[in-house]
Every structure is written in structure tokens, then in C-alpha cells.
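Trainee: Input input_2.csv, format and content: CSV, N, CA and C atoms.
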```
chain,number,residue,atom,x,y,z
A,1,MET,N,53.0,-8.6,30.4
A,1,MET,CA,52.0,-8.5,29.4
A,1,MET,C,50.6,-8.3,30.1
A,2,SER,N,50.4,-8.9,31.3
A,2,SER,CA,49.2,-8.8,32.0
A,2,SER,C,49.1,-7.4,32.6
A,3,GLY,N,50.2,-6.7,32.8
A,3,GLY,CA,50.1,-5.4,33.4
A,3,GLY,C,49.6,-4.3,32.4
A,4,LEU,N,49.7,-4.7,31.1
A,4,LEU,CA,49.2,-3.7,30.1
A,4,LEU,C,47.7,-3.4,30.2
A,5,PHE,N,46.9,-4.4,30.5
A,5,PHE,CA,45.5,-4.3,30.5
A,5,PHE,C,44.9,-4.2,31.9
A,6,ASP,N,45.7,-4.0,32.9
A,6,ASP,CA,45.2,-3.9,34.2
A,6,ASP,C,44.4,-2.6,34.5
A,7,SER,N,44.6,-1.5,33.7
A,7,SER,CA,43.9,-0.3,34.0
A,7,SER,C,42.7,-0.1,33.1
A,8,VAL,N,42.4,-1.0,32.2
A,8,VAL,CA,41.3,-0.9,31.3
A,8,VAL,C,39.9,-0.9,32.0
A,9,PRO,N,39.7,-1.7,33.0
A,9,PRO,CA,38.4,-1.6,33.7
A,9,PRO,C,38.2,-0.3,34.3
A,10,LEU,N,39.2,0.5,34.7
A,10,LEU,CA,39.0,1.8,35.3
A,10,LEU,C,38.5,2.8,34.3
A,11,LEU,N,38.7,2.6,33.0
A,11,LEU,CA,38.1,3.5,32.0
A,11,LEU,C,36.6,3.4,31.9
A,12,PHE,N,36.1,2.2,32.2
A,12,PHE,CA,34.6,2.0,32.1
A,12,PHE,C,33.9,2.0,33.5
A,13,ALA,N,34.6,2.4,34.5
A,13,ALA,CA,34.0,2.4,35.8
A,13,ALA,C,33.1,3.6,35.9
A,14,GLN,N,32.0,3.4,36.6
A,14,GLN,CA,31.0,4.5,36.8
A,14,GLN,C,30.9,4.8,38.3
A,15,GLU,N,30.5,6.0,38.5
A,15,GLU,CA,30.4,6.5,39.9
A,15,GLU,C,29.2,5.8,40.6
A,16,ALA,N,29.5,5.3,41.8
A,16,ALA,CA,28.4,4.6,42.5
A,16,ALA,C,27.4,5.7,43.0
A,17,GLY,N,26.1,5.3,42.9
A,17,GLY,CA,25.1,6.2,43.4
A,17,GLY,C,24.1,6.6,42.3
A,18,GLY,N,23.1,7.3,42.7
A,18,GLY,CA,22.1,7.8,41.7
A,18,GLY,C,22.3,9.2,41.2
A,19,ALA,N,23.4,9.8,41.6
A,19,ALA,CA,23.6,11.2,41.1
A,19,ALA,C,24.1,11.2,39.7
A,20,SER,N,24.6,10.1,39.1
A,20,SER,CA,25.2,10.2,37.8
A,20,SER,C,24.1,10.4,36.7
A,21,ILE,N,22.9,9.8,36.9
A,21,ILE,CA,21.9,10.0,35.9
A,21,ILE,C,21.4,11.5,35.9
A,22,TRP,N,21.4,12.1,37.0
A,22,TRP,CA,20.9,13.5,37.1
A,22,TRP,C,22.0,14.4,36.5
A,23,SER,N,23.2,14.1,36.5
A,23,SER,CA,24.2,14.9,35.9
A,23,SER,C,24.2,14.8,34.4
A,24,MET,N,23.6,13.8,33.8
A,24,MET,CA,23.5,13.7,32.4
A,24,MET,C,22.2,14.4,31.8
A,25,LEU,N,21.3,14.6,32.7
A,25,LEU,CA,20.0,15.2,32.3
A,25,LEU,C,20.1,16.5,31.5
A,26,PRO,N,20.9,17.5,31.9
A,26,PRO,CA,21.0,18.7,31.2
A,26,PRO,C,21.6,18.5,29.7
A,27,PHE,N,22.3,17.5,29.5
A,27,PHE,CA,22.8,17.2,28.2
A,27,PHE,C,21.8,16.5,27.3
A,28,LEU,N,20.9,15.8,27.9
A,28,LEU,CA,19.9,15.0,27.2
A,28,LEU,C,18.6,15.8,26.9
A,29,LEU,N,18.3,16.8,27.7
A,29,LEU,CA,17.1,17.6,27.5
A,29,LEU,C,17.0,18.3,26.1
A,30,PRO,N,18.1,18.9,25.6
A,30,PRO,CA,18.0,19.7,24.3
A,30,PRO,C,17.8,18.8,23.1
A,31,ILE,N,18.0,17.5,23.2
A,31,ILE,CA,18.0,16.6,22.1
A,31,ILE,C,16.6,16.6,21.3
A,32,PRO,N,15.5,16.6,22.0
A,32,PRO,CA,14.2,16.7,21.2
A,32,PRO,C,14.0,18.0,20.5
A,33,PHE,N,14.5,19.1,21.1
A,33,PHE,CA,14.4,20.4,20.4
A,33,PHE,C,15.3,20.5,19.2
A,34,VAL,N,16.5,20.0,19.3
A,34,VAL,CA,17.4,20.0,18.2
A,34,VAL,C,16.9,19.1,17.1
A,35,PHE,N,16.3,18.0,17.4
A,35,PHE,CA,15.7,17.1,16.5
A,35,PHE,C,14.6,17.8,15.7
A,36,TYR,N,13.8,18.5,16.4
A,36,TYR,CA,12.6,19.2,15.8
A,36,TYR,C,13.1,20.3,14.9
A,37,PHE,N,14.0,21.1,15.3
A,37,PHE,CA,14.4,22.2,14.5
A,37,PHE,C,15.3,21.9,13.3
A,38,LEU,N,16.1,20.7,13.4
A,38,LEU,CA,17.0,20.4,12.3
A,38,LEU,C,16.3,19.4,11.4
A,39,ILE,N,15.3,18.6,11.8
A,39,ILE,CA,14.8,17.6,10.9
A,39,ILE,C,13.3,17.8,10.6
A,40,ILE,N,12.5,17.9,11.6
A,40,ILE,CA,11.0,17.9,11.4
A,40,ILE,C,10.6,19.3,10.8
A,41,LEU,N,11.0,20.4,11.3
A,41,LEU,CA,10.5,21.7,10.8
A,41,LEU,C,10.9,21.9,9.3
A,42,PRO,N,12.2,21.7,8.9
A,42,PRO,CA,12.5,21.9,7.5
A,42,PRO,C,11.7,21.0,6.6
A,43,GLN,N,11.5,19.7,7.0
A,43,GLN,CA,10.7,18.8,6.2
A,43,GLN,C,9.3,19.3,6.1
A,44,GLN,N,8.7,19.8,7.1
A,44,GLN,CA,7.3,20.4,7.0
A,44,GLN,C,7.2,21.5,6.1
A,45,GLN,N,8.2,22.4,6.1
A,45,GLN,CA,8.3,23.6,5.2
A,45,GLN,C,8.4,23.1,3.8
A,46,GLN,N,9.3,22.1,3.5
A,46,GLN,CA,9.5,21.6,2.2
A,46,GLN,C,8.2,21.0,1.6
A,47,GLU,N,7.5,20.3,2.5
A,47,GLU,CA,6.2,19.6,2.1
A,47,GLU,C,5.1,20.7,1.8
A,48,LYS,N,5.1,21.8,2.6
A,48,LYS,CA,4.2,22.8,2.3
A,48,LYS,C,4.4,23.5,1.0
A,49,LYS,N,5.7,23.8,0.6
A,49,LYS,CA,6.0,24.3,-0.7
A,49,LYS,C,5.6,23.4,-1.8
A,50,ARG,N,5.9,22.1,-1.6
A,50,ARG,CA,5.5,21.1,-2.7
A,50,ARG,C,4.0,21.1,-2.9
A,51,ARG,N,3.3,21.1,-1.7
A,51,ARG,CA,1.8,21.0,-1.8
A,51,ARG,C,1.3,22.3,-2.5
A,52,SER,N,1.8,23.5,-2.2
A,52,SER,CA,1.4,24.7,-2.9
A,52,SER,C,1.7,24.7,-4.4
A,53,MET,N,2.9,24.1,-4.7
A,53,MET,CA,3.2,24.0,-6.2
A,53,MET,C,2.2,23.1,-6.9
A,54,ILE,N,1.9,22.0,-6.3
A,54,ILE,CA,0.9,21.0,-6.9
A,54,ILE,C,-0.5,21.7,-7.0
A,55,ASP,N,-0.9,22.4,-6.0
A,55,ASP,CA,-2.2,23.0,-6.0
A,55,ASP,C,-2.3,24.2,-7.0
A,56,ASN,N,-1.2,24.8,-7.4
A,56,ASN,CA,-1.1,25.9,-8.3
A,56,ASN,C,-0.9,25.4,-9.8
A,57,LEU,N,-0.9,24.1,-10.0
A,57,LEU,CA,-0.7,23.7,-11.4
A,57,LEU,C,-1.8,24.2,-12.3
A,58,LYS,N,-1.4,24.6,-13.5
A,58,LYS,CA,-2.4,25.2,-14.4
A,58,LYS,C,-2.0,24.7,-15.9
A,59,LYS,N,-2.9,24.9,-16.8
A,59,LYS,CA,-2.7,24.5,-18.1
A,59,LYS,C,-1.5,25.2,-18.7
A,60,ASN,N,-0.8,24.5,-19.6
A,60,ASN,CA,0.4,24.9,-20.3
A,60,ASN,C,1.6,25.1,-19.4
A,61,ASP,N,1.6,24.6,-18.1
A,61,ASP,CA,2.8,24.6,-17.3
A,61,ASP,C,3.7,23.4,-17.8
A,62,LYS,N,4.9,23.7,-17.9
A,62,LYS,CA,5.9,22.6,-18.2
A,62,LYS,C,6.3,22.0,-16.9
A,63,VAL,N,6.2,20.6,-16.8
A,63,VAL,CA,6.5,19.9,-15.6
A,63,VAL,C,7.5,18.7,-15.8
A,64,LEU,N,8.0,18.3,-14.7
A,64,LEU,CA,8.8,17.1,-14.7
A,64,LEU,C,8.2,16.1,-13.7
A,65,THR,N,7.9,14.9,-14.2
A,65,THR,CA,7.3,13.9,-13.3
A,65,THR,C,8.3,13.2,-12.5
A,66,THR,N,7.9,12.4,-11.5
A,66,THR,CA,8.8,11.7,-10.7
A,66,THR,C,9.4,10.5,-11.5
A,67,GLY,N,8.8,10.2,-12.6
A,67,GLY,CA,9.4,9.1,-13.4
A,67,GLY,C,10.4,9.7,-14.4
A,68,GLY,N,10.6,11.0,-14.4
A,68,GLY,CA,11.6,11.6,-15.3
A,68,GLY,C,11.0,12.0,-16.7
A,69,ILE,N,9.7,12.1,-16.8
A,69,ILE,CA,9.1,12.5,-18.0
A,69,ILE,C,8.8,14.0,-18.0
A,70,TYR,N,9.3,14.7,-19.1
A,70,TYR,CA,9.1,16.1,-19.3
A,70,TYR,C,7.8,16.2,-20.1
A,71,ALA,N,6.9,17.1,-19.6
A,71,ALA,CA,5.6,17.2,-20.3
A,71,ALA,C,5.0,18.6,-20.1
A,72,THR,N,3.8,18.8,-20.7
A,72,THR,CA,3.1,20.0,-20.6
A,72,THR,C,1.7,19.7,-20.1
A,73,VAL,N,1.2,20.5,-19.1
A,73,VAL,CA,-0.1,20.2,-18.5
A,73,VAL,C,-1.2,20.6,-19.5
A,74,ILE,N,-2.1,19.7,-19.7
A,74,ILE,CA,-3.2,19.9,-20.6
A,74,ILE,C,-4.5,20.3,-19.7
A,75,SER,N,-4.7,19.5,-18.7
A,75,SER,CA,-5.8,19.8,-17.8
A,75,SER,C,-5.5,19.2,-16.4
A,76,VAL,N,-6.2,19.9,-15.4
A,76,VAL,CA,-6.0,19.5,-14.0
A,76,VAL,C,-7.4,19.2,-13.5
A,77,ASP,N,-7.6,18.0,-12.9
A,77,ASP,CA,-8.9,17.6,-12.3
A,77,ASP,C,-8.6,17.4,-10.8
A,78,SER,N,-9.0,18.5,-10.1
A,78,SER,CA,-8.7,18.4,-8.6
A,78,SER,C,-9.6,17.4,-7.9
A,79,SER,N,-10.8,17.2,-8.4
A,79,SER,CA,-11.7,16.4,-7.7
A,79,SER,C,-11.3,14.9,-7.7
A,80,HIS,N,-10.6,14.5,-8.8
A,80,HIS,CA,-10.1,13.1,-8.9
A,80,HIS,C,-8.6,13.0,-8.7
A,81,ASP,N,-8.0,14.2,-8.3
A,81,ASP,CA,-6.5,14.2,-8.0
A,81,ASP,C,-5.8,13.7,-9.3
A,82,ARG,N,-6.1,14.2,-10.4
A,82,ARG,CA,-5.5,13.8,-11.7
A,82,ARG,C,-5.1,15.0,-12.5
A,83,VAL,N,-4.0,14.8,-13.2
A,83,VAL,CA,-3.5,15.8,-14.2
A,83,VAL,C,-3.2,15.1,-15.5
A,84,THR,N,-3.7,15.7,-16.6
A,84,THR,CA,-3.4,15.1,-17.9
A,84,THR,C,-2.2,15.9,-18.5
A,85,LEU,N,-1.2,15.2,-19.0
A,85,LEU,CA,0.0,15.8,-19.6
A,85,LEU,C,0.1,15.4,-21.0
A,86,ARG,N,0.6,16.3,-21.8
A,86,ARG,CA,1.0,16.1,-23.2
A,86,ARG,C,2.5,15.8,-23.2
A,87,VAL,N,2.8,14.6,-23.7
A,87,VAL,CA,4.2,14.2,-23.7
A,87,VAL,C,4.9,14.5,-25.0
A,88,ASP,N,4.2,14.2,-26.1
A,88,ASP,CA,4.7,14.4,-27.5
A,88,ASP,C,3.8,15.3,-28.3
A,89,ASP,N,4.3,16.4,-28.8
A,89,ASP,CA,3.5,17.3,-29.5
A,89,ASP,C,3.1,16.8,-30.9
A,90,GLU,N,4.1,16.2,-31.6
A,90,GLU,CA,3.9,15.7,-32.9
A,90,GLU,C,2.9,14.6,-33.0
A,91,ARG,N,2.9,13.7,-32.1
A,91,ARG,CA,2.0,12.5,-32.2
A,91,ARG,C,0.8,12.7,-31.3
A,92,GLY,N,0.8,13.7,-30.5
A,92,GLY,CA,-0.4,14.0,-29.6
A,92,GLY,C,-0.5,13.0,-28.5
A,93,VAL,N,0.6,12.5,-27.9
A,93,VAL,CA,0.6,11.6,-26.9
A,93,VAL,C,0.2,12.3,-25.6
A,94,LYS,N,-0.9,11.8,-24.9
A,94,LYS,CA,-1.3,12.4,-23.7
A,94,LYS,C,-1.4,11.3,-22.6
A,95,LEU,N,-1.0,11.6,-21.4
A,95,LEU,CA,-1.0,10.6,-20.3
A,95,LEU,C,-1.6,11.3,-19.1
A,96,ALA,N,-2.3,10.4,-18.3
A,96,ALA,CA,-2.9,10.9,-17.1
A,96,ALA,C,-2.1,10.4,-15.9
A,97,PHE,N,-1.8,11.3,-15.0
A,97,PHE,CA,-1.0,11.0,-13.8
A,97,PHE,C,-1.8,11.5,-12.6
A,98,THR,N,-1.4,11.1,-11.4
A,98,THR,CA,-1.9,11.7,-10.2
A,98,THR,C,-1.1,13.0,-10.0
A,99,LYS,N,-1.7,13.9,-9.3
A,99,LYS,CA,-1.1,15.2,-9.1
A,99,LYS,C,0.2,15.1,-8.3
A,100,ALA,N,0.3,14.1,-7.4
A,100,ALA,CA,1.4,13.9,-6.6
A,100,ALA,C,2.7,13.4,-7.4
A,101,SER,N,2.5,12.9,-8.6
A,101,SER,CA,3.6,12.4,-9.4
A,101,SER,C,4.3,13.5,-10.1
A,102,VAL,N,3.9,14.8,-10.0
A,102,VAL,CA,4.6,15.9,-10.5
A,102,VAL,C,5.7,16.3,-9.6
A,103,ALA,N,6.9,16.2,-10.0
A,103,ALA,CA,8.1,16.4,-9.1
A,103,ALA,C,8.3,17.9,-9.0
A,104,ARG,N,8.3,18.6,-10.2
A,104,ARG,CA,8.5,20.1,-10.1
A,104,ARG,C,8.0,20.7,-11.4
A,105,VAL,N,7.7,22.0,-11.3
A,105,VAL,CA,7.3,22.8,-12.4
A,105,VAL,C,8.6,23.5,-12.9
A,106,ILE,N,8.8,23.3,-14.2
A,106,ILE,CA,10.0,23.9,-14.8
A,106,ILE,C,9.6,25.3,-15.2
A,107,GLU,N,10.4,26.2,-14.7
A,107,GLU,CA,10.1,27.6,-14.9
A,107,GLU,C,10.6,28.0,-16.3
A,108,PRO,N,9.8,28.7,-17.1
A,108,PRO,CA,10.3,29.2,-18.4
A,108,PRO,C,11.4,30.1,-18.2
A,109,SER,N,12.3,30.1,-19.2
A,109,SER,CA,13.5,31.0,-19.1
A,109,SER,C,13.1,32.4,-19.1
A,110,SER,N,13.7,33.2,-18.2
A,110,SER,CA,13.4,34.6,-18.1
A,110,SER,C,13.9,35.4,-19.2
A,111,GLU,N,14.8,34.9,-20.0
A,111,GLU,CA,15.4,35.6,-21.1
A,111,GLU,C,14.5,35.5,-22.3
A,112,LYS,N,14.2,36.7,-22.9
A,112,LYS,CA,13.4,36.7,-24.1
A,112,LYS,C,14.3,36.9,-25.3
A,113,PRO,N,14.0,36.3,-26.4
A,113,PRO,CA,14.9,36.5,-27.6
A,113,PRO,C,14.9,37.9,-28.0
A,114,ALA,N,16.0,38.4,-28.4
A,114,ALA,CA,16.1,39.8,-28.8
A,114,ALA,C,15.3,40.0,-30.1
A,115,GLU,N,14.5,41.1,-30.1
A,115,GLU,CA,13.7,41.3,-31.3
A,115,GLU,C,14.5,42.1,-32.3
A,116,SER,N,14.4,41.7,-33.5
A,116,SER,CA,15.2,42.3,-34.6
A,116,SER,C,14.4,43.5,-35.1
A,117,THR,N,15.1,44.7,-35.2
A,117,THR,CA,14.4,45.9,-35.7
A,117,THR,C,15.0,46.3,-37.0
```
Once you've parsed the file, please lay out its structure as C-alpha cells.
Mentor:
Amino acid sequence: MSGLFDSVPLLFAQEAGGASIWSMLPFLLPIPFVFYFLIILPQQQQEKKRRSMIDNLKKNDKVLTTGGIYATVISVDSSHDRVTLRVDDERGVKLAFTKASVARVIEPSSEKPAEST
């Protein structure tokens, strides 16, 4: 039974000397570049698109807030970073949110109803 585990320390043995760290260097150098191109760059592009969407908010845009509220933009106050949304048309419910709370602008459907002739 003791002969079974006699070769296990050889699996974890390292080469003696300082050359082993230099042999790993070519494998470790690309890691920051891969990290930048796979994680940081796409996140920066996504944030830029989101920022441009928020900056282009205008009256009568249909939006979805981060809280899950569907609403229509009534006014945009850029100086105070505020947007006023109409939530309910029948009762005239209006709410004020920060511009950052708008998750996305809901695009109107591109299909127009067929006109009857």
C-alpha cells in the first residue's frame, strides 16, 4: 500500500534553479492584453452606447426604467440630471427619475398599420 503513493512527490517536483520562472514569462505576458480586449474594451463600448442613449432622450420617447416601469418621457432636465416620465395616461401619473435610471429606449414598431382604401 505504501508503494502506491511513493511517486506522488515527483509530480509536484520543480526544477532547481532560477530558469523556471523565465520559462513561464512568455505564457504570462499576454494575460493583461487578453484581459483588456475581452473584458475592459467591450465594457467601455457598452457604456459609451448607454451614455449616448441617455444623452439623446427626448420628449415622447417610450422608455423602460431599471425598476421595470414602462413610461413615456415628458421632459428632460439635463442641468439637474432629471427626466420626468408619464406612467399612466388616464390618471396623469408623472414621476421624476434620474437620467441614469433609464435602462433602455423602446423603439416604436417599424410596421405601420395598413391603410384601408
Trainee: My list of candidates is A:Ile54, A:Ser23, A:Ala103, A:Pro42. Which is closest to Gly68 in chain A when distances are computed with all atoms listed in the file?
Mentor: A:Ala103
Trainee: May I have the residues within 6 Å of range 90-101 of chain A as a ChimeraX atom specification, using only N, CA and C atoms and disregarding those fewer than 3 positions away in the same chain?
Mentor: /A:64-66,81-87
Trainee: Please write the residues from the selection above to a file, keeping N, CA and C atoms, as a short mmCIF file (atom, residue, chain, number, x, y, z; two decimals), in the frame of the given file.
Mentor:
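Once everything was written out, this is result.cif:
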```cif
data_model
loop_
_atom_site.label_atom_id
_atom_site.label_comp_id
_atom_site.auth_asym_id
_atom_site.auth_seq_id
_atom_site.Cartn_x
_atom_site.Cartn_y
_atom_site.Cartn_z
N LEU A 64 8.00 18.30 -14.70
CA LEU A 64 8.80 17.10 -14.70
C LEU A 64 8.20 16.10 -13.70
N THR A 65 7.90 14.90 -14.20
CA THR A 65 7.30 13.90 -13.30
C THR A 65 8.30 13.20 -12.50
N THR A 66 7.90 12.40 -11.50
CA THR A 66 8.80 11.70 -10.70
C THR A 66 9.40 10.50 -11.50
N ASP A 81 -8.00 14.20 -8.30
CA ASP A 81 -6.50 14.20 -8.00
C ASP A 81 -5.80 13.70 -9.30
N ARG A 82 -6.10 14.20 -10.40
CA ARG A 82 -5.50 13.80 -11.70
C ARG A 82 -5.10 15.00 -12.50
N VAL A 83 -4.00 14.80 -13.20
CA VAL A 83 -3.50 15.80 -14.20
C VAL A 83 -3.20 15.10 -15.50
N THR A 84 -3.70 15.70 -16.60
CA THR A 84 -3.40 15.10 -17.90
C THR A 84 -2.20 15.90 -18.50
N LEU A 85 -1.20 15.20 -19.00
CA LEU A 85 0.00 15.80 -19.60
C LEU A 85 0.10 15.40 -21.00
N ARG A 86 0.60 16.30 -21.80
CA ARG A 86 1.00 16.10 -23.20
C ARG A 86 2.50 15.80 -23.20
N VAL A 87 2.80 14.60 -23.70
CA VAL A 87 4.20 14.20 -23.70
C VAL A 87 4.90 14.50 -25.00
#
```
Trainee: For the alpha helix (DSSP H) assignment from backbone DSSP, which residues of range 17-107 of chain A qualify? Please present them as a ChimeraX atom specification.
Mentor: /A:19-28,31-35,41-55
Trainee: Could you please determine the separation between atom C of Gln44 in chain A and atom C of Pro32 in chain A in Å, to one decimal place?
Mentor: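 Atom C of Gln44 in chain A sits 16.3 Å away from atom C of Pro32 in chain A.
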Trainee: Quick one: pull the distance between atom C of Thr72 in chain A and atom C of Asn60 in chain A, Å, one decimal.
Mentor: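 Interatomic distance, atom C of Thr72 in chain A to atom C of Asn60 in chain A: 5.4 Å.
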Trainee: Taking (-4.6, 22.1, -15.7) in the coordinates of the supplied file, I want to know which residues reach to within 6 Å of it, counting only C-alpha atoms; could you give the answer as a list in words?
Mentor: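 Residues satisfying the cut-off, written out: Lys58, Lys59, Val73, Ile74, Ser75 and Val76 of chain A.
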Trainee: Export, as a CSV table (one decimal), keeping the file's coordinate frame, the selected residues with N, CA and C atoms.
Mentor:
```csv
chain,number,residue,atom,x,y,z
A,58,LYS,N,-1.4,24.6,-13.5
A,58,LYS,CA,-2.4,25.2,-14.4
A,58,LYS,C,-2.0,24.7,-15.9
A,59,LYS,N,-2.9,24.9,-16.8
A,59,LYS,CA,-2.7,24.5,-18.1
A,59,LYS,C,-1.5,25.2,-18.7
A,73,VAL,N,1.2,20.5,-19.1
A,73,VAL,CA,-0.1,20.2,-18.5
A,73,VAL,C,-1.2,20.6,-19.5
A,74,ILE,N,-2.1,19.7,-19.7
A,74,ILE,CA,-3.2,19.9,-20.6
A,74,ILE,C,-4.5,20.3,-19.7
A,75,SER,N,-4.7,19.5,-18.7
A,75,SER,CA,-5.8,19.8,-17.8
A,75,SER,C,-5.5,19.2,-16.4
A,76,VAL,N,-6.2,19.9,-15.4
A,76,VAL,CA,-6.0,19.5,-14.0
A,76,VAL,C,-7.4,19.2,-13.5
```
Trainee: Identify which of the residues A:Val63, A:Ala71, A:Leu57, A:Asp89 lies closest to Val105 in chain A, counting only C-alpha atoms when measuring atom-to-atom distances.
Mentor: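 Closest to Val105 in chain A, using only C-alpha atoms: A:Val63.
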Trainee: Please compute the atom N of Lys48 in chain A-atom C of Ser78 in chain A distance, one decimal, in Å.
Mentor: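 According to the coordinates, atom N of Lys48 in chain A and atom C of Ser78 in chain A are separated by 18.6 Å.
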Trainee: Looking at all atoms listed in the file, which of A:Phe33, A:Asp88, A:Leu25, A:Glu107 is the one that sits closest to Tyr70 in chain A?
Mentor: A:Asp88
